[in-house]
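K.L.:
Submitted below is the structure of interest, expressed as structure tokens.
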2 protein chains.
Amino acid sequence: MKIKKEVTIYDLAKELNYSPSTISRALNNHKSISKKTIKVIKEAAEEMGYRPNNLAAGLRNNKSNTIGVLISRINRPFMASLISGIEETARKSGYNVLISQSNDKYENEVSNCNALYDSRITGLIVSLSMETVDMGHFQKFMDQGIPIVFVDRVPDNFNSYKVVIDNYTAGYSATKHLIEQGCTRIAHFAGAQHRNIYEERKKGYLDALREYGLPIEDNLIIHFKTLSFEEGDKATKKLLKMDNPPDGIFSANDTAAVSAIMCAKKMGVDVPGELAVIGFNDDPIASIVQPSLSTVSHPASKMGAISARRILDHSGQNYDTDLSEITVLGTEIIVRDSSLKKAKVLEPK
Amino acid sequence: MKIKKEVTIYDLAKELNYSPSTISRALNNHKSISKKTIKVIKEAAEEMGYRPNNLAAGLRNNKSNTIGVLISRINRPFMASLISGIEETARKSGYNVLISQSNDKYENEVSNCNALYDSRITGLIVSLSMETVDMGHFQKFMDQGIPIVFVDRVPDNFNSYKVVIDNYTAGYSATKHLIEQGCTRIAHFAGAQHRNIYEERKKGYLDALREYGLPIEDNLIIHFKTLSFEEGDKATKKLLKMDNPPDGIFSANDTAAVSAIMCAKKMGVDVPGELAVIGFNDDPIASIVQPSLSTVSHPASKMGAISARRILDHSGQNYDTDLSEITVLGTEIIVRDSSLKKAKVLEPK
DNA sequence: ATAAGTAACGGAATCGATTGCGTAAATTAA
DNA sequence: TTAATTTACGCAATCGATTCCGTTACTTAT
């Protein structure tokens, strides 16, 4: 089949006896074009099926009205919601969203980073891969004044926009909650400690224990590689077989927490009676598992929306590489059955 | 801070005393450039921090090495996996992925469609919104020879590439499975019937009943609007309060199926003893709910990969608008506890 | 009535990479 | 040795939209 010729502003110009400059200005509502002319041109454009060519405009303006997103994996509830929030906000302002996943490999992060740069994105939103230590691949964005927003998994040795939750307080509160439920030997499923989020959750856990005068036992702190279901199952089995098993677990994610609940049940250990469990993220599985999983809820979609807004609002601003602008969002402890040893205390009105 | 000047092929040309043509050809491994020159130019490019400008190349070639994705919502397990598969395949071939979500609104689908078109995407992958009936907004892609791949939720009045699962057979098999487990009054949670996937799942359900001589009872077929948890809960309650309640449910998705299980448990109805349940999709919640949910597994990521490949392989081909090329993928019945009334029969080796 | 101002538009360069066509030099064939 | 290729490049147009400078025809102020 034959391909129809695309309609350009030159075609419109010829058809309407105007210059391409006027067509362009009219389509962009430039003030030096009369209302009447704008109306005529826009109607003709509509009728002739004109569609702007973003590549041409982008080349001329050296930007593409596109936000690049660089994350580890799309098919995780948190990440999917994050992207969803980014996409919604971006689209409202007429921006497109380019996505890429690193699968937690540094190498992929670097090459995806370059691919996004080559597309001349307006800004970049990043959640670091597990492996990433060096930040060199982000420098070219800074050099060009292209804003970078790190979200959730952020670096601490690189200045830029950052959107995070207060992982320390969340970890502290989750642990405190278990303590208030009567737990005295609380284990922690910790994530890779070079990623800020896991490090801070652990710090919160440790400080809560200290504050309540509970001993810190190294063999109750399990360092996970990926916080997967399998890892969680194995760790739980090991913990529950100890001579003096823990009576609570604070897991740095829900997947491992759910595996702990299911493993405990299989081993005949009562949750929360003998083992209280609290997770992190509020994934869908948290409300489905039985007993339902207490957890820390993450405003994922909102984080995405804020990150996108950072980029949209940045336009033309000067980039101060000497400081970071950090947005910290609150979290919420969602108390469900897996941690509820005592009856819920009614809040005063 | 000052913005560094970007390095272009003209800068390389000046620096190395070659013409821009030679630089361009060298970077693209054109055969008329000597190996030695290519090596020299590429090394200089690397050293000077040259990065190609996709906008410029795209404008010249009238394409952007970008695949557009238009779906209803990103934060659904199936969709997230689909995109993940698309992204992986696309990136391996050096393509970027632009995403947009319609939130199941026809209006959004149309405007996102235009936005993607304006970015001169190489191809479009679409899963239709719930509302979409008219297909006019896709015509401009056909006119330009830009391939469209409909995936999962596909139209039947529009010729193009299509990637689907055999929803009819899956619905048939799921229902048959319940029958073989001894169910005689099987309810169906049906989705919106103007979307092919739900229509076919229902057809499969109906035919299985017919084949086994079971009566079709209209009051056992519940038509859902969104197959949400709440809808499922309500429907289940209604069903179980009937004088002659069903002994099995085939739900067109897992969310509603899980809600049925939880609702039944709350009402003291044994699953699968008094009510066997099977869902669709194999979402993560399916293996977490107790009893674990039998379901139909969807090769989501693979569907994404195949869709992307369709577009990558299409390049330059002639578009025959008189036929559809349909790829049908198999599904698998995953038998878990929610449907297992009888002991599992061992397969012959 | 004349200078000054403004409204409405056109010309042409520009963004960066690609590529058809042309050409000089080097190599091979005869 | 000369003609015929082949190798290795350069020139300049091109893609479509934007925008800096004009320019012309009107208004408005004085």
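The chains in the structure tokens are called A, B, ... from first to last as shown; in each chain the residues are counted from 1, and the ligands are counted from 1 in the order shown.
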Please identify all polymer residues within 12 Å of D:DT14, counting only C-alpha atoms (C1' of nucleotides), omitting same-chain residues fewer than 2 positions from it, and present them as a list in words.
P.N.:
Ala56, Ala57, Leu59, Arg60, Asn61 and Asn62 of chain B; DG16, DA17, DT18, DT19 and DG20 of chain C; DA12 and DG16 of chain D
K.L.:
Using only N, CA and C atoms (P, O5', C5', C4', C3', O3' and C1' of nucleotides), please write the residues we just selected to a file, as an mmCIF file, in the first residue's frame.
P.N.:
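Okay, this is what ended up in part.cif:
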data_model
loop_
_atom_site.group_PDB
_atom_site.id
_atom_site.type_symbol
_atom_site.label_atom_id
_atom_site.label_comp_id
_atom_site.auth_asym_id
_atom_site.auth_seq_id
_atom_site.Cartn_x
_atom_site.Cartn_y
_atom_site.Cartn_z
ATOM 1 N N ALA B 56 17.777 14.660 15.615
ATOM 2 C CA ALA B 56 18.251 15.041 14.291
ATOM 3 C C ALA B 56 18.189 13.858 13.333
ATOM 4 N N ALA B 57 18.699 12.729 13.795
ATOM 5 C CA ALA B 57 18.675 11.541 12.944
ATOM 6 C C ALA B 57 17.238 11.151 12.626
ATOM 7 N N LEU B 59 14.588 13.039 12.547
ATOM 8 C CA LEU B 59 13.964 13.982 11.619
ATOM 9 C C LEU B 59 14.360 13.648 10.188
ATOM 10 N N ARG B 60 15.644 13.425 10.011
ATOM 11 C CA ARG B 60 16.141 13.131 8.675
ATOM 12 C C ARG B 60 15.534 11.826 8.132
ATOM 13 N N ASN B 61 15.488 10.817 8.971
ATOM 14 C CA ASN B 61 15.010 9.512 8.519
ATOM 15 C C ASN B 61 13.504 9.329 8.675
ATOM 16 N N ASN B 62 12.883 10.312 9.256
ATOM 17 C CA ASN B 62 11.459 10.232 9.536
ATOM 18 C C ASN B 62 11.073 9.010 10.361
ATOM 19 P P DG C 16 23.266 21.525 17.239
ATOM 20 O "O5'" DG C 16 23.217 20.135 16.462
ATOM 21 C "C5'" DG C 16 22.471 19.069 17.029
ATOM 22 C "C4'" DG C 16 22.403 17.929 16.049
ATOM 23 C "C3'" DG C 16 23.751 17.387 15.601
ATOM 24 O "O3'" DG C 16 23.724 15.992 15.822
ATOM 25 C "C1'" DG C 16 22.358 17.795 13.732
ATOM 26 P P DA C 17 24.956 15.061 15.461
ATOM 27 O "O5'" DA C 17 24.333 14.191 14.297
ATOM 28 C "C5'" DA C 17 23.136 13.479 14.574
ATOM 29 C "C4'" DA C 17 22.498 13.007 13.289
ATOM 30 C "C3'" DA C 17 23.349 12.042 12.461
ATOM 31 O "O3'" DA C 17 22.571 10.888 12.232
ATOM 32 C "C1'" DA C 17 22.510 13.816 11.120
ATOM 33 P P DT C 18 23.177 9.641 11.482
ATOM 34 O "O5'" DT C 18 22.656 9.836 9.987
ATOM 35 C "C5'" DT C 18 21.268 9.904 9.771
ATOM 36 C "C4'" DT C 18 20.976 10.183 8.324
ATOM 37 C "C3'" DT C 18 21.626 9.226 7.313
ATOM 38 O "O3'" DT C 18 20.603 8.758 6.471
ATOM 39 C "C1'" DT C 18 21.967 11.461 6.671
ATOM 40 P P DT C 19 20.809 7.439 5.617
ATOM 41 O "O5'" DT C 19 21.068 7.983 4.150
ATOM 42 C "C5'" DT C 19 20.161 8.922 3.596
ATOM 43 C "C4'" DT C 19 20.701 9.424 2.279
ATOM 44 C "C3'" DT C 19 21.542 8.404 1.487
ATOM 45 O "O3'" DT C 19 21.253 8.557 0.109
ATOM 46 C "C1'" DT C 19 22.773 10.358 1.817
ATOM 47 P P DG C 20 21.088 7.249 -0.797
ATOM 48 O "O5'" DG C 20 20.888 7.888 -2.235
ATOM 49 C "C5'" DG C 20 19.953 8.963 -2.399
ATOM 50 C "C4'" DG C 20 20.502 9.992 -3.372
ATOM 51 C "C3'" DG C 20 21.189 9.409 -4.597
ATOM 52 O "O3'" DG C 20 20.902 10.234 -5.733
ATOM 53 C "C1'" DG C 20 22.737 10.717 -3.395
ATOM 54 P P DA D 12 29.545 22.811 -2.056
ATOM 55 O "O5'" DA D 12 28.036 22.325 -1.929
ATOM 56 C "C5'" DA D 12 27.500 21.461 -2.951
ATOM 57 C "C4'" DA D 12 26.116 21.020 -2.559
ATOM 58 C "C3'" DA D 12 25.270 22.078 -1.829
ATOM 59 O "O3'" DA D 12 23.948 21.947 -2.298
ATOM 60 C "C1'" DA D 12 25.381 20.147 -0.518
ATOM 61 P P DG D 16 9.214 16.551 6.055
ATOM 62 O "O5'" DG D 16 9.035 17.567 7.260
ATOM 63 C "C5'" DG D 16 8.844 17.044 8.558
ATOM 64 C "C4'" DG D 16 8.918 18.157 9.569
ATOM 65 C "C3'" DG D 16 7.909 19.292 9.355
ATOM 66 O "O3'" DG D 16 7.228 19.461 10.580
ATOM 67 C "C1'" DG D 16 10.080 20.167 9.642
#
K.L.:
Go through chain A residue by residue and, counting only C-alpha atoms (C1' of nucleotides), keep those with an atom at most 7 Å from chain C; for each kept residue give the shortest atom pair and its distance in Å to one decimal, ordered by chain and increasing number, as JSON lines.
P.N.:
{"residue": "A:Ser19", "atom": "CA", "partner": "C:DG10", "partner_atom": "C1'", "distance": 6.2}
{"residue": "A:Thr22", "atom": "CA", "partner": "C:DC9", "partner_atom": "C1'", "distance": 6.7}
{"residue": "A:Ser32", "atom": "CA", "partner": "C:DA8", "partner_atom": "C1'", "distance": 6.2}
{"residue": "A:Ile33", "atom": "CA", "partner": "C:DA8", "partner_atom": "C1'", "distance": 5.9}
{"residue": "A:Ser34", "atom": "CA", "partner": "C:DA8", "partner_atom": "C1'", "distance": 6.8}
{"residue": "A:Leu59", "atom": "CA", "partner": "C:DC15", "partner_atom": "C1'", "distance": 5.2}
{"residue": "A:Arg60", "atom": "CA", "partner": "C:DC15", "partner_atom": "C1'", "distance": 4.3}
K.L.:
Show me, as a list in words, every residue of chain D with an atom at most 12 Å from chain B, counting only C-alpha atoms (C1' of nucleotides).
P.N.:
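Output check: DT6, DT7, DA8, DC9, DG10, DC11, DA12, DA13, DT14, DC15, DG16 and DA17 of chain D.
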K.L.:
Please dump the current selection as a PDB file, in the first residue's frame; keep C-alpha atoms (C1' of nucleotides).
P.N.:
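The result, stored in result_6.pdb:
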ATOM      1  C1'  DT D   6      37.636   0.170  -6.590  1.00  0.00           C
ATOM      2  C1'  DT D   7      38.521   2.732  -2.392  1.00  0.00           C
ATOM      3  C1'  DA D   8      37.782   6.544   0.412  1.00  0.00           C
ATOM      4  C1'  DC D   9      36.147  10.329   0.975  1.00  0.00           C
ATOM      5  C1'  DG D  10      33.664  15.572   0.213  1.00  0.00           C
ATOM      6  C1'  DC D  11      29.667  18.663  -1.269  1.00  0.00           C
ATOM      7  C1'  DA D  12      25.381  20.147  -0.518  1.00  0.00           C
ATOM      8  C1'  DA D  13      20.523  19.270  -0.138  1.00  0.00           C
ATOM      9  C1'  DT D  14      17.206  17.539   3.040  1.00  0.00           C
ATOM     10  C1'  DC D  15      14.015  16.497   7.065  1.00  0.00           C
ATOM     11  C1'  DG D  16      10.080  20.167   9.642  1.00  0.00           C
ATOM     12  C1'  DA D  17       9.602  23.573  12.953  1.00  0.00           C
TER      13       DA D  17
END
K.L.:
Considering only C-alpha atoms, state which residue in the set B:His194, B:Lys92, B:Arg51, B:Arg185 is at the smallest distance from B:Lys5.
P.N.:
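Closest residue, counting only C-alpha atoms: B:Arg51.
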K.L.:
Have a look at atom CA of A:Glu180 and atom CA of A:Lys342 and let me know their distance in Å, one decimal.
P.N.:
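Answer for the atom CA of A:Glu180 to atom CA of A:Lys342 separation: 8.8 Å.
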K.L.:
Set out as JSON lines a contact list for chain A and chain B with a cut-off of 6 Å, giving each residue of chain A that qualifies its closest atom pair and distance in Å to one decimal, counting only C-alpha atoms, ordered by chain and rising residue number.
P.N.:
{"residue": "A:Ile3", "atom": "CA", "partner": "B:Gln144", "partner_atom": "CA", "distance": 5.1}
{"residue": "A:Lys4", "atom": "CA", "partner": "B:Asp143", "partner_atom": "CA", "distance": 5.8}
{"residue": "A:Pro52", "atom": "CA", "partner": "B:Asp118", "partner_atom": "CA", "distance": 5.8}
{"residue": "A:Asn53", "atom": "CA", "partner": "B:Asp118", "partner_atom": "CA", "distance": 5.3}
{"residue": "A:Asn54", "atom": "CA", "partner": "B:Ser119", "partner_atom": "CA", "distance": 5.1}
{"residue": "A:Leu55", "atom": "CA", "partner": "B:Leu55", "partner_atom": "CA", "distance": 5.1}
{"residue": "A:Ala56", "atom": "CA", "partner": "B:Leu59", "partner_atom": "CA", "distance": 5.8}
{"residue": "A:Leu59", "atom": "CA", "partner": "B:Leu55", "partner_atom": "CA", "distance": 5.4}
{"residue": "A:Ile74", "atom": "CA", "partner": "B:Ala80", "partner_atom": "CA", "distance": 5.8}
{"residue": "A:Asn75", "atom": "CA", "partner": "B:Ala80", "partner_atom": "CA", "distance": 4.6}
{"residue": "A:Ala80", "atom": "CA", "partner": "B:Asn75", "partner_atom": "CA", "distance": 4.6}
{"residue": "A:Ser81", "atom": "CA", "partner": "B:Asn75", "partner_atom": "CA", "distance": 5.3}
{"residue": "A:Ser84", "atom": "CA", "partner": "B:Ile74", "partner_atom": "CA", "distance": 5.9}
{"residue": "A:Val97", "atom": "CA", "partner": "B:Leu98", "partner_atom": "CA", "distance": 5.6}
{"residue": "A:Leu98", "atom": "CA", "partner": "B:Leu98", "partner_atom": "CA", "distance": 4.5}
{"residue": "A:Ile99", "atom": "CA", "partner": "B:Val97", "partner_atom": "CA", "distance": 5.9}
{"residue": "A:Asp118", "atom": "CA", "partner": "B:Asn53", "partner_atom": "CA", "distance": 5.3}
{"residue": "A:Ser119", "atom": "CA", "partner": "B:Asn54", "partner_atom": "CA", "distance": 5.1}
{"residue": "A:Asp143", "atom": "CA", "partner": "B:Ile3", "partner_atom": "CA", "distance": 5.7}
{"residue": "A:Gln144", "atom": "CA", "partner": "B:Ile3", "partner_atom": "CA", "distance": 5.1}
{"residue": "A:Ile285", "atom": "CA", "partner": "B:Ile285", "partner_atom": "CA", "distance": 5.1}
{"residue": "A:Ile288", "atom": "CA", "partner": "B:Val289", "partner_atom": "CA", "distance": 5.5}
{"residue": "A:Val289", "atom": "CA", "partner": "B:Val289", "partner_atom": "CA", "distance": 5.4}
K.L.:
Can you measure atom CA of A:Phe224 to atom CA of A:Ala190 for me? One decimal in Å is fine.
P.N.:
5.8 Å
K.L.:
Pull the strand (DSSP E) assignments for stretch 182-250 of chain A out of DSSP run on the backbone, and list those residues as JSON, numbers by chain.
P.N.:
{"A": [186, 187, 188, 189, 190, 221, 222, 223, 248, 249, 250]}
K.L.:
Output N, CA, C and O atoms of each residue in that selection to a file, as a PDB file, in the first residue's frame.
P.N.:
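Dumped everything to part_15.pdb:
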ATOM      1  N   ILE A 186      13.181  -9.125  68.379  1.00  0.00           N
ATOM      2  CA  ILE A 186      12.717  -8.802  67.028  1.00  0.00           C
ATOM      3  C   ILE A 186      13.825  -8.981  65.998  1.00  0.00           C
ATOM      4  O   ILE A 186      14.893  -8.389  66.114  1.00  0.00           O
ATOM      5  N   ALA A 187      13.520  -9.816  65.022  1.00  0.00           N
ATOM      6  CA  ALA A 187      14.490 -10.023  63.935  1.00  0.00           C
ATOM      7  C   ALA A 187      14.267  -8.965  62.858  1.00  0.00           C
ATOM      8  O   ALA A 187      13.219  -8.337  62.785  1.00  0.00           O
ATOM      9  N   HIS A 188      15.283  -8.778  62.008  1.00  0.00           N
ATOM     10  CA  HIS A 188      15.144  -7.829  60.905  1.00  0.00           C
ATOM     11  C   HIS A 188      15.626  -8.462  59.606  1.00  0.00           C
ATOM     12  O   HIS A 188      16.722  -9.009  59.538  1.00  0.00           O
ATOM     13  N   PHE A 189      14.750  -8.397  58.615  1.00  0.00           N
ATOM     14  CA  PHE A 189      15.144  -8.804  57.261  1.00  0.00           C
ATOM     15  C   PHE A 189      15.658  -7.550  56.569  1.00  0.00           C
ATOM     16  O   PHE A 189      14.874  -6.687  56.186  1.00  0.00           O
ATOM     17  N   ALA A 190      16.968  -7.455  56.439  1.00  0.00           N
ATOM     18  CA  ALA A 190      17.575  -6.231  55.908  1.00  0.00           C
ATOM     19  C   ALA A 190      17.950  -6.387  54.439  1.00  0.00           C
ATOM     20  O   ALA A 190      18.335  -7.468  53.997  1.00  0.00           O
ATOM     21  N   ILE A 221      19.593 -10.404  62.805  1.00  0.00           N
ATOM     22  CA  ILE A 221      19.594  -9.485  61.661  1.00  0.00           C
ATOM     23  C   ILE A 221      20.090 -10.234  60.434  1.00  0.00           C
ATOM     24  O   ILE A 221      21.262 -10.608  60.343  1.00  0.00           O
ATOM     25  N   ILE A 222      19.163 -10.485  59.522  1.00  0.00           N
ATOM     26  CA  ILE A 222      19.518 -11.263  58.331  1.00  0.00           C
ATOM     27  C   ILE A 222      19.700 -10.309  57.158  1.00  0.00           C
ATOM     28  O   ILE A 222      18.796  -9.542  56.838  1.00  0.00           O
ATOM     29  N   HIS A 223      20.857 -10.372  56.543  1.00  0.00           N
ATOM     30  CA  HIS A 223      21.084  -9.520  55.379  1.00  0.00           C
ATOM     31  C   HIS A 223      20.721 -10.249  54.105  1.00  0.00           C
ATOM     32  O   HIS A 223      21.328 -11.262  53.758  1.00  0.00           O
ATOM     33  N   GLY A 248       9.263 -11.639  66.813  1.00  0.00           N
ATOM     34  CA  GLY A 248       8.803 -10.623  65.871  1.00  0.00           C
ATOM     35  C   GLY A 248       9.779 -10.485  64.725  1.00  0.00           C
ATOM     36  O   GLY A 248      10.959 -10.773  64.865  1.00  0.00           O
ATOM     37  N   ILE A 249       9.266 -10.087  63.574  1.00  0.00           N
ATOM     38  CA  ILE A 249      10.128  -9.825  62.423  1.00  0.00           C
ATOM     39  C   ILE A 249       9.710  -8.513  61.779  1.00  0.00           C
ATOM     40  O   ILE A 249       8.536  -8.285  61.532  1.00  0.00           O
ATOM     41  N   PHE A 250      10.699  -7.657  61.554  1.00  0.00           N
ATOM     42  CA  PHE A 250      10.463  -6.466  60.739  1.00  0.00           C
ATOM     43  C   PHE A 250      11.202  -6.698  59.426  1.00  0.00           C
ATOM     44  O   PHE A 250      12.426  -6.755  59.388  1.00  0.00           O
TER      45      PHE A 250
END
K.L.:
For each of B:Asp11, B:Asp313, B:Asp337, B:Asp243, take the minimum atom-to-atom distance to B:Ile41, counting only C-alpha atoms, then give the residue where this is smallest.
P.N.:
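Looking at the shortest contact to B:Ile41, the residue is B:Asp11.
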K.L.:
Can you tell me how far atom CA of B:Leu240 sits from atom CA of B:Ala264, in Å to one decimal?
P.N.:
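Value for the atom CA of B:Leu240-atom CA of B:Ala264 distance: 7.7 Å.
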K.L.:
Which residues come within 6 Å of stretch 147-155 of chain B, counting only C-alpha atoms (C1' of nucleotides), excluding same-chain residues fewer than 6 positions away, as a list in words?
P.N.:
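Everything that qualifies: Gly123, Leu124, Ile125, Val126, Ser127, Leu128, Tyr161, Lys162, Val163 and Val164 of chain B.
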K.L.:
Could you dump the residues just selected with N, CA, C and O atoms as a short mmCIF file (atom, residue, chain, number, x, y, z; two decimals), in the first residue's frame?
P.N.:
data_model
loop_
_atom_site.label_atom_id
_atom_site.label_comp_id
_atom_site.auth_asym_id
_atom_site.auth_seq_id
_atom_site.Cartn_x
_atom_site.Cartn_y
_atom_site.Cartn_z
N GLY B 123 6.52 2.17 15.78
CA GLY B 123 5.39 1.27 15.82
C GLY B 123 4.62 1.47 17.11
O GLY B 123 5.13 2.07 18.06
N LEU B 124 3.40 0.96 17.14
CA LEU B 124 2.53 1.18 18.29
C LEU B 124 2.00 -0.15 18.82
O LEU B 124 1.56 -1.00 18.04
N ILE B 125 2.07 -0.31 20.12
CA ILE B 125 1.50 -1.50 20.76
C ILE B 125 0.34 -1.04 21.63
O ILE B 125 0.50 -0.16 22.47
N VAL B 126 -0.81 -1.62 21.40
CA VAL B 126 -2.04 -1.15 22.06
C VAL B 126 -2.80 -2.27 22.75
O VAL B 126 -2.98 -3.34 22.20
N SER B 127 -3.24 -1.98 23.96
CA SER B 127 -4.27 -2.81 24.59
C SER B 127 -5.44 -1.86 24.82
O SER B 127 -5.32 -0.88 25.56
N LEU B 128 -6.54 -2.11 24.16
CA LEU B 128 -7.65 -1.16 24.12
C LEU B 128 -8.23 -0.81 25.48
O LEU B 128 -8.26 -1.63 26.39
N TYR B 161 -1.64 -6.27 13.16
CA TYR B 161 -1.05 -7.37 13.93
C TYR B 161 -1.84 -7.52 15.22
O TYR B 161 -2.28 -6.54 15.82
N LYS B 162 -1.96 -8.74 15.68
CA LYS B 162 -2.62 -8.98 16.95
C LYS B 162 -1.88 -10.08 17.70
O LYS B 162 -1.46 -11.07 17.11
N VAL B 163 -1.73 -9.87 18.99
CA VAL B 163 -1.10 -10.88 19.84
C VAL B 163 -2.05 -11.17 20.99
O VAL B 163 -2.34 -10.29 21.80
N VAL B 164 -2.54 -12.37 21.02
CA VAL B 164 -3.56 -12.72 22.02
C VAL B 164 -3.31 -14.10 22.60
O VAL B 164 -2.46 -14.85 22.13
#
